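Participant: Take a look at the following structure, please.
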There are 2 protein chains.
Amino acid sequence: MATNTQVLFKSHPDGMPSPENFEIVTQETPALEDGQFLLENVYLSLDPYMRGRMNAARSYAKPVDIDDVMTGRTIAEVVESRDYSWQPGDKVLSTSGWQEYAVSRAKGLTRLDPEDLPLTIRLGVLGMPGLTAYTGLLNIGKPQPGETLVVAAATGPVGSTVGQIAKIKGARAVGIAGGPEKTRALTDEFGFDVGLDHREPDFAEKLAEACPDGIDIYFENVGGHVWRAVFPLLNDFARVPVCGQIAHTSAIEPPPDPDHVPELMRGILSKRLTLRGFIVTDFADQSGAFQRDMKGWLREGRVKYREDIVDGLENAPGAFIGLLKGRNFGKLIVRIGDKT
Amino acid sequence: MATNTQVLFKSHPDGMPSPENFEIVTQETPALEDGQFLLENVYLSLDPYMRGRMNAARSYAKPVDIDDVMTGRTIAEVVESRDYSWQPGDKVLSTSGWQEYAVSRAKGLTRLDPEDLPLTIRLGVLGMPGLTAYTGLLNIGKPQPGETLVVAAATGPVGSTVGQIAKIKGARAVGIAGGPEKTRALTDEFGFDVGLDHREPDFAEKLAEACPDGIDIYFENVGGHVWRAVFPLLNDFARVPVCGQIAHTSAIEPPPDPDHVPELMRGILSKRLTLRGFIVTDFADQSGAFQRDMKGWLREGRVKYREDIVDGLENAPGAFIGLLKGRNFGKLIVRIGDKT
């Protein structure tokens, strides 16, 4: 019987998580019953939404319970089966979380048929982050030729995809990232028209220079000070899909600024803005169109992606904390075991 | 030659306007040239948007210039004409502002044909406030049977119309007003399911009790502390048409609260809210449908309205300041002269 290394959720963080919020344990893998099969996780996706699941309060999804395995999507391989429709070697997209092995009854699984595209992109540009970018941008942002789109965390799997789809739709794309290396990649690697570093002291002025005709779409993926620089530049009838607030997720108390809600509401009125929150499951019915479009764009080389792969499940907590601090560069994935 | 009493805009108010921001003057009415005709204003509409026009900064419309006649819609009668297509006695809806007489070349006029409905409602429920309610509610609020709508300033021409159209569409309507007399009118006169007084100390608790299934539509017509009570009660996928911010319009500095923008943005995301600003001219193409529907509802007695008519142009500044303080009860109109 194989042992199963797991990362358990141990305590609710105050603000930024720390390694003490997690515990790495090793357990026996339970024996299979009829109709079950054993998955070996090969790749674990680490994503900002997981921080929300570590709060005690329910947001749009149930929090992780203390002592449960941390939640997460994986690419896994069937290694043992007592279900005749699943065979060892079958590859799946699963939600089996931060652990080496999981016993499954096929609930919540997507079978991954062999094809020309790499498996890992099912966790990124061809997975949940890509679908988030595609559905939020096309349903709420609605880019038109010649319009200006701005997105932050723009080397990440959501932001980089948003920018590239906006370009495909004929819009100008201004990307924002942290640090000179990521900022260079925005134009050199992902084809943004302009790349900006939000850590520069004159970031707000540079954003204004990069958007001489104002901003028509701000894909709100981060929250925080980027929003404050974007807000005065929004054009009449601008659209703001709101899908991430990672800059605020780890904050406890409202920041000690004056209350800017009145100013925001006046701006919404006078510029006739649309702010609309969404999560990817709201547009689950568009998954087929997304898969078709995105596979086409990937094969034509019109959408590029970058992955940041960390080895070893024991490094998942540290990698996740790094993600919240903006230390990863591309889609963050943990490689588990040696099946790759 | 008749003299023309006018109310001029004299200075930008700091916060709440005062009588000193206006000046009442009497001038000679200019002689008519060929193609011109003379309008005598009979009713002047006073509306919250006028406060925005008194700021130096442009909002969605050009500010009034110092020493110009205050801007405003009127119902007027042609009293002299050198344009063969306009005859003395013709009634029009005009934008000739806070004055007794205006020389016109027919620009911006709507001829009012005699019909069974009273003329004054062209300034209220069948005019710009009614169209604001109709288009904002139907295009952005999208009420569904069984949903809960909340609107403030609910005895006013926009709020009372919003509530009644929501009822016609099968939603529950909760109205908010200031003071016991207006609050009683919400249920007794306008047919709201619940009427609440926002001045009561336990207003937030009462709003929660009045909305046991949460709030699906908040028609944001006022800004300020009503929004703070509404926000936690909004349901997933709630819609917030934003058309008025009168509580903030007279404020200069951000209030000394902590910054609630991060909380608002988190709420937009986790509840997938839609906040969308609009002004009535954005939906000008729906004016025909509105006129048809609203005339039907008025004739069937399904939409009621209340007017607050003040006599004398010299009382317009005081009445307008009262409007900003919530002292009027129903659509505020100034009767000018004796043509009614």
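We name chains A, B, ... following the order of the structure tokens; residues begin at 1 in each chain, and ligands are numbered from 1 as shown.
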Counting only C-alpha atoms, which residues of chain A fall within 7 Å of chain B, and what is the closest atom pair for each with its distance in Å at one decimal, ordered by chain and rising number, as a Markdown table?

Facilitator:
| residue | atom | partner | partner_atom | distance |
| --- | --- | --- | --- | --- |
| A:Ser59 | CA | B:Ser270 | CA | 5.7 |
| A:Tyr60 | CA | B:Ser270 | CA | 5.1 |
| A:Val242 | CA | B:Leu269 | CA | 5.8 |
| A:Cys243 | CA | B:Leu269 | CA | 5.9 |
| A:Gln245 | CA | B:Arg266 | CA | 6.4 |
| A:His248 | CA | B:Pro262 | CA | 6.3 |
| A:Pro254 | CA | B:Pro258 | CA | 5.9 |
| A:Pro255 | CA | B:Asp259 | CA | 6.0 |
| A:Pro256 | CA | B:Pro258 | CA | 5.4 |
| A:Asp257 | CA | B:Asp259 | CA | 5.2 |
| A:Pro258 | CA | B:Asp259 | CA | 5.2 |
| A:Asp259 | CA | B:Asp259 | CA | 3.6 |
| A:His260 | CA | B:Asp259 | CA | 5.7 |
| A:Val261 | CA | B:Val261 | CA | 5.4 |
| A:Pro262 | CA | B:His248 | CA | 6.3 |
| A:Arg266 | CA | B:Gln245 | CA | 6.4 |
| A:Ile268 | CA | B:Gly277 | CA | 5.0 |
| A:Leu269 | CA | B:Gly277 | CA | 4.1 |
| A:Ser270 | CA | B:Tyr60 | CA | 5.1 |
| A:Lys271 | CA | B:Tyr60 | CA | 6.8 |
| A:Arg272 | CA | B:Gly277 | CA | 4.0 |
| A:Leu273 | CA | B:Gly277 | CA | 5.4 |
| A:Thr274 | CA | B:Arg276 | CA | 4.3 |
| A:Leu275 | CA | B:Leu275 | CA | 5.1 |
| A:Arg276 | CA | B:Thr274 | CA | 4.3 |
| A:Gly277 | CA | B:Arg272 | CA | 4.0 |
| A:Phe278 | CA | B:Arg272 | CA | 4.8 |

Participant: List every residue of segment 80-312 of chain B that DSSP, applied to the backbone of this structure, places in strand (DSSP E or B), and write the result as an mmCIF file with N, CA and C atoms, in the first residue's frame.

Facilitator:
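For reference, states.cif as written:
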data_model
loop_
_atom_site.group_PDB
_atom_site.id
_atom_site.type_symbol
_atom_site.label_atom_id
_atom_site.label_comp_id
_atom_site.auth_asym_id
_atom_site.auth_seq_id
_atom_site.Cartn_x
_atom_site.Cartn_y
_atom_site.Cartn_z
ATOM 1 N N GLU B 80 -46.612 85.206 -28.503
ATOM 2 C CA GLU B 80 -46.404 86.122 -29.627
ATOM 3 C C GLU B 80 -45.542 85.358 -30.618
ATOM 4 N N SER B 81 -45.787 85.522 -31.925
ATOM 5 C CA SER B 81 -45.053 84.671 -32.868
ATOM 6 C C SER B 81 -44.757 85.397 -34.168
ATOM 7 N N LYS B 91 -49.000 75.079 -26.683
ATOM 8 C CA LYS B 91 -48.277 74.668 -25.462
ATOM 9 C C LYS B 91 -47.039 73.856 -25.859
ATOM 10 N N VAL B 92 -45.941 74.095 -25.145
ATOM 11 C CA VAL B 92 -44.702 73.366 -25.443
ATOM 12 C C VAL B 92 -43.991 72.944 -24.162
ATOM 13 N N LEU B 93 -43.169 71.901 -24.321
ATOM 14 C CA LEU B 93 -42.178 71.538 -23.306
ATOM 15 C C LEU B 93 -40.868 72.159 -23.782
ATOM 16 N N SER B 94 -40.245 72.989 -22.957
ATOM 17 C CA SER B 94 -39.050 73.712 -23.405
ATOM 18 C C SER B 94 -37.935 73.567 -22.379
ATOM 19 N N GLN B 99 -37.007 81.526 -15.796
ATOM 20 C CA GLN B 99 -37.359 82.892 -16.172
ATOM 21 C C GLN B 99 -38.814 82.916 -16.655
ATOM 22 N N TYR B 101 -40.072 84.691 -19.417
ATOM 23 C CA TYR B 101 -40.235 84.685 -20.875
ATOM 24 C C TYR B 101 -38.950 84.214 -21.534
ATOM 25 N N ALA B 102 -39.093 83.616 -22.683
ATOM 26 C CA ALA B 102 -37.918 83.240 -23.465
ATOM 27 C C ALA B 102 -38.245 83.399 -24.937
ATOM 28 N N VAL B 103 -37.265 83.919 -25.663
ATOM 29 C CA VAL B 103 -37.403 84.011 -27.117
ATOM 30 C C VAL B 103 -36.897 82.704 -27.702
ATOM 31 N N SER B 104 -37.667 82.134 -28.626
ATOM 32 C CA SER B 104 -37.342 80.795 -29.118
ATOM 33 C C SER B 104 -37.330 80.764 -30.631
ATOM 34 N N THR B 110 -40.728 70.605 -27.543
ATOM 35 C CA THR B 110 -41.667 69.540 -27.871
ATOM 36 C C THR B 110 -43.070 70.135 -27.803
ATOM 37 N N ARG B 111 -43.795 70.046 -28.898
ATOM 38 C CA ARG B 111 -45.164 70.564 -28.900
ATOM 39 C C ARG B 111 -46.050 69.632 -28.077
ATOM 40 N N THR B 148 -37.124 41.218 -5.039
ATOM 41 C CA THR B 148 -37.307 42.364 -4.146
ATOM 42 C C THR B 148 -36.524 43.565 -4.678
ATOM 43 N N LEU B 149 -37.260 44.663 -4.854
ATOM 44 C CA LEU B 149 -36.647 45.931 -5.258
ATOM 45 C C LEU B 149 -36.672 46.893 -4.080
ATOM 46 N N VAL B 150 -35.602 47.662 -3.923
ATOM 47 C CA VAL B 150 -35.561 48.740 -2.929
ATOM 48 C C VAL B 150 -35.215 50.035 -3.654
ATOM 49 N N VAL B 151 -35.929 51.102 -3.286
ATOM 50 C CA VAL B 151 -35.614 52.422 -3.845
ATOM 51 C C VAL B 151 -35.814 53.463 -2.753
ATOM 52 N N ARG B 172 -41.620 42.570 -5.567
ATOM 53 C CA ARG B 172 -41.946 43.249 -4.316
ATOM 54 C C ARG B 172 -41.216 44.581 -4.319
ATOM 55 N N ALA B 173 -41.860 45.627 -3.772
ATOM 56 C CA ALA B 173 -41.232 46.942 -3.766
ATOM 57 C C ALA B 173 -41.171 47.470 -2.339
ATOM 58 N N VAL B 174 -39.955 47.785 -1.888
ATOM 59 C CA VAL B 174 -39.729 48.392 -0.578
ATOM 60 C C VAL B 174 -39.250 49.823 -0.823
ATOM 61 N N GLY B 175 -40.021 50.781 -0.302
ATOM 62 C CA GLY B 175 -39.693 52.190 -0.519
ATOM 63 C C GLY B 175 -39.126 52.819 0.734
ATOM 64 N N ILE B 176 -38.231 53.770 0.540
ATOM 65 C CA ILE B 176 -37.590 54.471 1.652
ATOM 66 C C ILE B 176 -37.833 55.967 1.473
ATOM 67 N N ALA B 177 -38.243 56.624 2.550
ATOM 68 C CA ALA B 177 -38.487 58.068 2.492
ATOM 69 C C ALA B 177 -38.033 58.677 3.813
ATOM 70 N N VAL B 194 -43.759 47.706 1.464
ATOM 71 C CA VAL B 194 -43.294 48.200 2.759
ATOM 72 C C VAL B 194 -42.763 49.621 2.543
ATOM 73 N N GLY B 195 -43.030 50.489 3.503
ATOM 74 C CA GLY B 195 -42.432 51.827 3.503
ATOM 75 C C GLY B 195 -41.564 51.984 4.735
ATOM 76 N N LEU B 196 -40.366 52.523 4.572
ATOM 77 C CA LEU B 196 -39.437 52.687 5.689
ATOM 78 C C LEU B 196 -38.933 54.122 5.744
ATOM 79 N N ASP B 197 -38.684 54.590 6.974
ATOM 80 C CA ASP B 197 -38.178 55.940 7.203
ATOM 81 C C ASP B 197 -36.680 55.856 7.483
ATOM 82 N N ILE B 215 -32.120 41.532 -1.261
ATOM 83 C CA ILE B 215 -32.449 42.578 -2.227
ATOM 84 C C ILE B 215 -31.875 42.184 -3.588
ATOM 85 N N ASP B 216 -32.736 42.166 -4.592
ATOM 86 C CA ASP B 216 -32.294 41.809 -5.947
ATOM 87 C C ASP B 216 -31.990 43.035 -6.798
ATOM 88 N N ILE B 217 -32.690 44.135 -6.513
ATOM 89 C CA ILE B 217 -32.459 45.374 -7.262
ATOM 90 C C ILE B 217 -32.447 46.519 -6.260
ATOM 91 N N TYR B 218 -31.378 47.300 -6.251
ATOM 92 C CA TYR B 218 -31.393 48.554 -5.522
ATOM 93 C C TYR B 218 -31.246 49.661 -6.545
ATOM 94 N N PHE B 219 -32.288 50.454 -6.711
ATOM 95 C CA PHE B 219 -32.254 51.574 -7.631
ATOM 96 C C PHE B 219 -31.607 52.729 -6.875
ATOM 97 N N GLU B 220 -30.354 53.025 -7.186
ATOM 98 C CA GLU B 220 -29.543 53.975 -6.395
ATOM 99 C C GLU B 220 -29.787 55.395 -6.891
ATOM 100 N N LEU B 234 -27.713 42.778 -0.309
ATOM 101 C CA LEU B 234 -27.812 42.467 -1.741
ATOM 102 C C LEU B 234 -27.597 40.975 -1.976
ATOM 103 N N ASN B 235 -28.422 40.397 -2.797
ATOM 104 C CA ASN B 235 -28.305 38.986 -3.164
ATOM 105 C C ASN B 235 -27.251 38.778 -4.248
ATOM 106 N N ASP B 236 -26.837 37.533 -4.415
ATOM 107 C CA ASP B 236 -26.009 37.184 -5.569
ATOM 108 C C ASP B 236 -26.718 37.659 -6.838
ATOM 109 N N PHE B 237 -25.948 38.211 -7.745
ATOM 110 C CA PHE B 237 -26.436 38.670 -9.047
ATOM 111 C C PHE B 237 -27.407 39.863 -8.955
ATOM 112 N N ALA B 238 -27.358 40.594 -7.835
ATOM 113 C CA ALA B 238 -28.201 41.793 -7.714
ATOM 114 C C ALA B 238 -27.733 42.870 -8.695
ATOM 115 N N ARG B 239 -28.686 43.707 -9.112
ATOM 116 C CA ARG B 239 -28.406 44.798 -10.055
ATOM 117 C C ARG B 239 -28.630 46.147 -9.366
ATOM 118 N N VAL B 240 -27.717 47.083 -9.610
ATOM 119 C CA VAL B 240 -27.788 48.403 -8.991
ATOM 120 C C VAL B 240 -27.689 49.473 -10.080
ATOM 121 N N PRO B 241 -28.828 49.903 -10.643
ATOM 122 C CA PRO B 241 -28.784 51.068 -11.535
ATOM 123 C C PRO B 241 -28.429 52.297 -10.686
ATOM 124 N N VAL B 242 -27.447 53.066 -11.121
ATOM 125 C CA VAL B 242 -26.995 54.230 -10.352
ATOM 126 C C VAL B 242 -27.375 55.481 -11.134
ATOM 127 N N THR B 274 -23.903 43.730 -10.328
ATOM 128 C CA THR B 274 -23.739 44.674 -11.431
ATOM 129 C C THR B 274 -24.106 46.059 -10.920
ATOM 130 N N LEU B 275 -23.154 46.990 -10.958
ATOM 131 C CA LEU B 275 -23.428 48.409 -10.705
ATOM 132 C C LEU B 275 -23.266 49.114 -12.041
ATOM 133 N N ARG B 276 -24.278 49.840 -12.449
ATOM 134 C CA ARG B 276 -24.157 50.529 -13.736
ATOM 135 C C ARG B 276 -24.792 51.907 -13.654
ATOM 136 N N GLY B 277 -23.996 52.913 -13.955
ATOM 137 C CA GLY B 277 -24.503 54.277 -13.978
ATOM 138 C C GLY B 277 -25.193 54.578 -15.293
ATOM 139 N N GLU B 307 -47.599 65.772 -6.824
ATOM 140 C CA GLU B 307 -46.896 66.992 -7.198
ATOM 141 C C GLU B 307 -46.853 67.944 -6.011
ATOM 142 N N ASP B 308 -45.773 68.687 -5.944
ATOM 143 C CA ASP B 308 -45.585 69.699 -4.892
ATOM 144 C C ASP B 308 -45.362 71.013 -5.642
ATOM 145 N N ILE B 309 -46.417 71.822 -5.724
ATOM 146 C CA ILE B 309 -46.365 73.015 -6.575
ATOM 147 C C ILE B 309 -46.181 74.264 -5.722
ATOM 148 N N VAL B 310 -45.153 75.019 -6.042
ATOM 149 C CA VAL B 310 -44.798 76.246 -5.331
ATOM 150 C C VAL B 310 -45.143 77.421 -6.239
ATOM 151 N N ASP B 311 -45.749 78.454 -5.700
ATOM 152 C CA ASP B 311 -46.138 79.603 -6.516
ATOM 153 C C ASP B 311 -45.073 80.679 -6.546
#

Participant: I'd like the neighbourhood of Val158 of chain B as JSON, numbers by chain, where a residue qualifies if any of its atoms comes within 9 Å (using only C-alpha atoms), though same-chain residues fewer than 2 positions away should be ignored.

Facilitator: {"B": [124, 125, 128, 129, 130, 131, 132, 133, 134, 153, 154, 155, 156, 160, 161, 162, 163, 221, 331]}

Participant: With distances taken over only C-alpha atoms, which residue among B:Arg292, B:Arg73, B:Lys169, B:Arg302 lies nearest Val334 of chain B?

Facilitator: B:Arg73

Participant: For Ala229 of chain B, which residue among B:Glu40, B:Asp213, B:Asp83, B:Glu205 is the nearest when counting only C-alpha atoms?

Facilitator: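 The shortest atom-to-atom distance to Ala229 of chain B comes from B:Glu205.
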
Participant: Find the residues near segment 19-27 of chain A: any atom within 9 Å, counting only C-alpha atoms, skip ones fewer than 6 places away on the same chain, and give them as a tab-separated table (two decimals) with N, CA and C atoms, in the first residue's frame.

Facilitator:
chain	number	residue	atom	x	y	z
A	2	ALA	N	0.64	2.14	-0.98
A	2	ALA	CA	1.42	3.38	-1.07
A	2	ALA	C	1.03	4.32	0.07
A	3	THR	N	1.97	5.12	0.54
A	3	THR	CA	1.62	6.19	1.47
A	3	THR	C	1.22	7.43	0.67
A	4	ASN	N	0.42	8.26	1.31
A	4	ASN	CA	-0.15	9.43	0.65
A	4	ASN	C	0.25	10.69	1.41
A	5	THR	N	1.11	11.51	0.81
A	5	THR	CA	1.47	12.79	1.42
A	5	THR	C	0.38	13.81	1.09
A	6	GLN	N	-0.02	14.53	2.13
A	6	GLN	CA	-1.10	15.50	1.98
A	6	GLN	C	-0.70	16.83	2.62
A	7	VAL	N	-1.24	17.93	2.10
A	7	VAL	CA	-1.11	19.24	2.77
A	7	VAL	C	-2.48	19.57	3.36
A	8	LEU	N	-2.51	19.63	4.70
A	8	LEU	CA	-3.77	19.93	5.39
A	8	LEU	C	-3.84	21.42	5.73
A	9	PHE	N	-5.08	21.90	5.81
A	9	PHE	CA	-5.32	23.28	6.24
A	9	PHE	C	-5.47	23.27	7.75
A	10	LYS	N	-4.62	24.01	8.46
A	10	LYS	CA	-4.57	23.90	9.92
A	10	LYS	C	-5.14	25.09	10.67
A	11	SER	N	-5.07	26.28	10.10
A	11	SER	CA	-5.55	27.46	10.85
A	11	SER	C	-5.83	28.60	9.88
A	12	HIS	N	-6.77	29.48	10.29
A	12	HIS	CA	-7.15	30.63	9.47
A	12	HIS	C	-6.07	31.70	9.57
A	13	PRO	N	-5.52	32.15	8.45
A	13	PRO	CA	-4.50	33.20	8.52
A	13	PRO	C	-5.12	34.55	8.87
A	67	ASP	N	-8.24	21.06	9.12
A	67	ASP	CA	-7.80	19.65	9.07
A	67	ASP	C	-8.18	18.94	7.78
A	70	MET	N	-6.12	20.73	1.60
A	70	MET	CA	-6.32	21.98	0.85
A	70	MET	C	-6.93	21.66	-0.51
A	313	LEU	N	5.47	18.42	-3.66
A	313	LEU	CA	4.26	18.84	-2.94
A	313	LEU	C	4.61	19.60	-1.66
A	314	GLU	N	5.73	19.21	-1.02
A	314	GLU	CA	6.11	19.86	0.24
A	314	GLU	C	6.42	21.35	0.02
A	317	PRO	N	3.01	24.99	0.02
A	317	PRO	CA	2.65	26.15	0.86
A	317	PRO	C	3.53	27.36	0.58
A	318	GLY	N	4.83	27.16	0.48
A	318	GLY	CA	5.74	28.28	0.21
A	318	GLY	C	5.47	28.90	-1.15
A	321	ILE	N	2.27	31.03	-0.94
A	321	ILE	CA	2.51	32.32	-0.27
A	321	ILE	C	3.25	33.26	-1.24

Participant: Report the distance between atom CA of Tyr43 of chain B and atom CA of Gly127 of chain B in Å, rounded to one decimal place.

Facilitator: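 Going from atom CA of Tyr43 of chain B over to atom CA of Gly127 of chain B covers 13.1 Å.
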
Participant: Quick one: residues within 9 Å of Asp47 of chain A, only C-alpha atoms counted, chain neighbours fewer than 5 positions away excluded, as a ChimeraX atom specification?

Facilitator: /A:72,129,320,323-324,331-333

Participant: Grab the residues selected above and save them as a short mmCIF file (atom, residue, chain, number, x, y, z; two decimals), in the first residue's frame with N, CA and C atoms.

Facilitator:
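See result_26.cif below for the written result:
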data_model
loop_
_atom_site.label_atom_id
_atom_site.label_comp_id
_atom_site.auth_asym_id
_atom_site.auth_seq_id
_atom_site.Cartn_x
_atom_site.Cartn_y
_atom_site.Cartn_z
N GLY A 72 -7.97 22.09 -4.47
CA GLY A 72 -7.24 22.51 -5.67
C GLY A 72 -7.47 21.57 -6.84
N PRO A 129 -8.26 29.48 -15.42
CA PRO A 129 -7.82 30.87 -15.63
C PRO A 129 -8.12 31.39 -17.04
N PHE A 320 2.65 28.90 -2.75
CA PHE A 320 1.36 29.61 -2.70
C PHE A 320 1.51 30.98 -2.03
N LEU A 323 2.96 33.25 -4.43
CA LEU A 323 1.96 33.70 -5.41
C LEU A 323 1.21 34.93 -4.90
N LEU A 324 0.83 34.89 -3.62
CA LEU A 324 0.09 36.02 -3.05
C LEU A 324 0.97 37.27 -2.96
N LYS A 331 1.89 30.97 -14.89
CA LYS A 331 0.96 30.08 -14.18
C LYS A 331 1.71 29.20 -13.20
N LEU A 332 1.36 29.28 -11.93
CA LEU A 332 2.06 28.53 -10.89
C LEU A 332 1.49 27.12 -10.77
N ILE A 333 2.38 26.14 -10.92
CA ILE A 333 1.99 24.72 -10.91
C ILE A 333 3.01 23.97 -10.06
#
